[in-house]
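So the structure is just underneath, and the comments pick up after that.
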Amino acid sequence: MHTEKEHLHFIYHTLHSEIPVLEKQLIQLKQDGLNIKKQLGKDGHLNLETLAEKIDTFANIEANNRQIDALNLSYSILQKRLKNARLLLPQAYFAKLSLKFDEDDQNQLYLGKVGYVDQHTNDLIYDWRAPVAELYYSNKAGATSYAANGRTIPVTVQAREQFVIDHDRLLSATMTQMAVTDPLLLAVLAENRTGHLKEITATIQGEQNTFIRESDHAVVIANGVAGSGKTSVLLQRIAYQLYQHRYDWQAENILLLTPNLTFKTYIQGVLPSLGEQEPLSTTYQTFIQQLGRHFGLNQISTQNNHLEQLSQKVQDPAVTLKLSFLQAVLNQLSPDASLLTAAQNVWRWLGATGQRPEKPVDWLDWQSLAQSWQITELTQYDILYLLIVLTNYRQTNIQAVFIDESQDYDADTWTLLAALFVHAELTIVGDRDQRLAGVSPNIADYFQTRSHTQLQLSTSYRATGAITKYFIRYANLWSQTGRFVQELG
Ligand SMILES: Nc1ncnc2c1ncn2[C@@H]1O[C@H](COP(=O)(O)OP(=O)(O)OP(=O)(O)O)[C@@H](O)[C@H]1O
């Protein structure tokens with residue numbers, strides 16, 4: 001039986017010694033790829049004279065393609081292993097689960113920020129996002145079960161241990177049951193955490209874990225008290241979802257909306273420290289301007305708009321509106337078809353017949369539409385919303401949207417986001433009590449047609465002194481509201 005110190009030395013040594021081996025294997029694979037390409041260049045002459053030669057030539061091409069595909073796959077697997085080995089070197093794992101599956105099958109699983117499989121395909125370290133790691137975070141002990149690949153796996157949790165590790169030095173090992181009073185959590189919270197946010201993988205708490213791993217709903221809305229780890233768990237959830245969808249999503253399929261650019265800097269580096277790339281991250285304002293340009297709109301102001309009202313208006317029957325050019329299509333629709341249905345049909349028809357305007361904004365007479373609705377003027381933001389819904393526009397590259405500080409978004413924003421991201425998964429976190437002015441809308445109201453859930457984060461983990469984020473959010477505003485002073489006091 002190895003002691004924990006010996007085990008750490010073994011793992012550290014394995015990682016340390018496999019890194020140069022992996023580096024060499026990658027160089028070799030690259031060379032193999034180049035050699036195949038060279039060979040293909042030489043065999044470039046396609047012999048297609050007789051049927052037999054044609055079959056031969058195509059079979060060769062197919063075989064070469066398969067070889068290149070296999071090389072590419074091996075290359076990306078090796079690359080991932082190398083990246084993980086480097087990432088794990090300073091802290092190979094943070095916890096151990098002692099599990100008993102049946103009488104003869106006892107396992108000790110070590111959990112790390114990412115997983116690692118050694119040269120002999122042994123699972124040395126399990127990814128914290130692996131299904132079995134749920135047993136650690138949900139504080140399960142004794143006879144219990146976990147879900148993996150749609151199956152329920154019975155298991156007995158015999159022990160749960162936490163480690164503090166610095167490269168090959170084991171600084172502490174603690175048997176633990178209750179997460180909230182864990183010495184590791186207290187030690188982490190006592191650290192002076194200023195400047196940048198850090199990942200919290202080793203000390204994720206029960207209610208935070210529920211939020212991070214929530215997979216039953218398309219829209220997950222969490223309200224949490226100040227310092228309950230909303231931003232931290234939002235980032236952990238991004239990493240979790242990237243792992244769940246590792247075969248179909250990339251970081252560029254994720255959009256993270258942050259309140260301002262300083263905030264973006266504050267959270268930068270958290271996802272790379274978890275082995276993931278930074279996602280697309282921007283403020284709502286910038287996002288809207290970019291989206292507007294796609295439709296030919298400029299300088300969109302989010303003040304004084306009518307989006308909520310318009311979301312009702314587009315359901316009005318199209319016939320009552322002064323949009324004469326819709327007539328040809330209207331004739332084919334039921335007389336009480338809504339503007340939404342009619343316009344979407346027209347837009348499709350314009351696409352099919354190659355008649356769409358170069359800039360979508362030039363499509364409709366916004367002035368007469370405004371008159372029909374007895375609105376003095378449709379703003380650029382109104383028009384953007386209308387174009388999104390009337391052209392049935394989808395941002396198909398975005399699979400998941402993450403929104404922080406949701407209390408500061410208004411009803412119009414939710415109306416637009418709900419219309420735009422009809423198929424994407426949404427994770428929304430905020431604290432209604434931290435709204436700078438006015439009352440936060442009830443976000444769930446905007447996602448009634450989607451499967452959604454609302455969660456609560458009720459424990460605060462902000463350590464004394466870790467006030468960086470307050471400074472960022474309240475910059476320029478605290479003197480006006482006086483609220484910053486109150487909260488710190
Ligand atoms: N499980 C945890 N383990 C260790 N530290 C944690 C944990 N949860 C939160 N923290 C720490 O608590 C502090 C507050 O976290 P965070 O900024 O994510 O909270 P928040 O709810 O988004 O705050 P705010 O209310 O200001 O928006 C951070 O320093 C974070 O690292």
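Quick note on naming: the chains in the structure tokens go A, B, ... in the order shown, residues restart at 1 in each chain, and ligands are numbered from 1 in order of appearance.
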**Message:** For the strand (DSSP E or B) assignment from backbone DSSP, which residues of region 230-364 of chain A qualify? Please present them as a list in words.
**Reply:**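 So, restricting region 230-364 of chain A to strand (DSSP E or B), we get Ile254, Leu255, Leu256, Leu257, Leu280, Ser281, Thr282, Pro317 and Ser338 of chain A.
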**Message:** Taking 5 positions as the minimum chain separation for residues in the same chain, which residues sit within 8 Å of region 78-87 of chain A when counting only C-alpha atoms? Answer as number ranges by chain.
**Reply:** A: 15-16, 18-19, 22-23, 25-26, 114-117, 273, 275
**Message:** Please determine, counting only C-alpha atoms, which residue among A:Ser145, A:Ser74, A:Thr57, A:Thr152 has the shortest atom-to-atom distance to Lys100 (chain A).
**Reply:** A:Ser145
**Request:** Name the residues, by chain letter and number, that sit within 7 Å of ligand 1 using only C-alpha atoms and all ligand atoms, and give them as a PyMOL selection string.
**Result:** chain A and resi 185+188-189+193+197-200+203-205+224-233+405+430-431+461-463+466+469-470
DSSP-assigned alpha helix (DSSP H) among region 203-364 of chain A, expressed as an mmCIF file with C-alpha atoms, in the first residue's frame:
data_model
loop_
_atom_site.group_PDB
_atom_site.id
_atom_site.type_symbol
_atom_site.label_atom_id
_atom_site.label_comp_id
_atom_site.auth_asym_id
_atom_site.auth_seq_id
_atom_site.Cartn_x
_atom_site.Cartn_y
_atom_site.Cartn_z
ATOM 1 C CA GLY A 206 -23.003 21.691 -2.821
ATOM 2 C CA GLU A 207 -25.419 24.365 -4.123
ATOM 3 C CA GLN A 208 -22.719 25.653 -6.504
ATOM 4 C CA ASN A 209 -22.206 22.124 -7.830
ATOM 5 C CA THR A 210 -25.956 21.759 -8.493
ATOM 6 C CA PHE A 211 -25.833 24.927 -10.583
ATOM 7 C CA ILE A 212 -22.630 23.986 -12.451
ATOM 8 C CA ARG A 213 -23.881 20.520 -13.397
ATOM 9 C CA LYS A 230 -21.948 33.605 -9.101
ATOM 10 C CA THR A 231 -19.154 34.656 -11.448
ATOM 11 C CA SER A 232 -16.947 31.782 -10.282
ATOM 12 C CA VAL A 233 -19.604 29.136 -10.851
ATOM 13 C CA LEU A 234 -20.622 30.681 -14.170
ATOM 14 C CA LEU A 235 -17.060 30.150 -15.413
ATOM 15 C CA GLN A 236 -16.882 26.654 -13.909
ATOM 16 C CA ARG A 237 -20.158 25.890 -15.719
ATOM 17 C CA ILE A 238 -18.686 27.048 -19.025
ATOM 18 C CA ALA A 239 -15.801 24.603 -18.471
ATOM 19 C CA TYR A 240 -18.294 21.911 -17.485
ATOM 20 C CA GLN A 241 -20.436 22.429 -20.562
ATOM 21 C CA LEU A 242 -17.395 22.495 -22.852
ATOM 22 C CA TYR A 243 -16.477 19.102 -21.375
ATOM 23 C CA GLN A 244 -20.008 17.717 -21.804
ATOM 24 C CA LEU A 261 -14.385 45.476 -20.255
ATOM 25 C CA THR A 262 -12.527 45.758 -16.938
ATOM 26 C CA PHE A 263 -14.660 42.909 -15.681
ATOM 27 C CA LYS A 264 -13.600 40.908 -18.730
ATOM 28 C CA THR A 265 -9.960 41.421 -17.716
ATOM 29 C CA TYR A 266 -10.800 40.454 -14.138
ATOM 30 C CA ILE A 267 -12.059 37.015 -15.179
ATOM 31 C CA VAL A 270 -9.846 31.396 -15.339
ATOM 32 C CA LEU A 271 -10.916 29.151 -18.214
ATOM 33 C CA PRO A 272 -7.380 28.619 -19.573
ATOM 34 C CA SER A 273 -6.357 27.568 -16.039
ATOM 35 C CA TYR A 284 -24.171 43.672 -24.315
ATOM 36 C CA GLN A 285 -23.620 47.137 -25.808
ATOM 37 C CA THR A 286 -20.788 45.970 -28.069
ATOM 38 C CA PHE A 287 -22.663 42.829 -28.973
ATOM 39 C CA ILE A 288 -25.713 44.852 -30.055
ATOM 40 C CA GLN A 289 -23.621 47.223 -32.193
ATOM 41 C CA GLN A 290 -22.017 44.262 -33.998
ATOM 42 C CA LEU A 291 -25.358 42.595 -34.518
ATOM 43 C CA GLY A 292 -26.806 45.881 -35.793
ATOM 44 C CA ARG A 293 -24.089 46.174 -38.452
ATOM 45 C CA HIS A 294 -25.159 42.798 -39.820
ATOM 46 C CA PHE A 295 -28.574 44.344 -40.568
ATOM 47 C CA LEU A 307 -39.164 46.257 -27.595
ATOM 48 C CA GLU A 308 -41.619 44.762 -25.116
ATOM 49 C CA GLN A 309 -44.503 46.572 -26.820
ATOM 50 C CA LEU A 310 -43.288 45.463 -30.254
ATOM 51 C CA SER A 311 -43.089 41.826 -29.171
ATOM 52 C CA GLN A 312 -46.920 42.062 -28.827
ATOM 53 C CA LYS A 313 -47.441 44.209 -31.943
ATOM 54 C CA GLN A 327 -49.933 41.409 -50.646
ATOM 55 C CA ALA A 328 -48.718 38.626 -52.946
ATOM 56 C CA VAL A 329 -47.743 36.483 -50.006
ATOM 57 C CA LEU A 330 -50.657 37.580 -47.816
ATOM 58 C CA LEU A 339 -47.257 40.256 -39.190
ATOM 59 C CA LEU A 340 -44.689 37.812 -37.786
ATOM 60 C CA THR A 341 -45.925 34.903 -39.908
ATOM 61 C CA ALA A 342 -46.464 37.027 -43.004
ATOM 62 C CA ALA A 343 -43.104 38.768 -42.828
ATOM 63 C CA GLN A 344 -41.185 35.561 -42.213
ATOM 64 C CA ASN A 345 -42.878 34.065 -45.291
ATOM 65 C CA VAL A 346 -42.067 37.117 -47.390
ATOM 66 C CA TRP A 347 -38.448 37.094 -46.217
ATOM 67 C CA ARG A 348 -38.094 33.436 -47.163
ATOM 68 C CA TRP A 349 -39.701 34.107 -50.534
ATOM 69 C CA LEU A 350 -37.364 37.075 -51.138
ATOM 70 C CA GLY A 351 -34.440 34.791 -50.322
ATOM 71 C CA ALA A 352 -35.631 32.056 -52.649
#
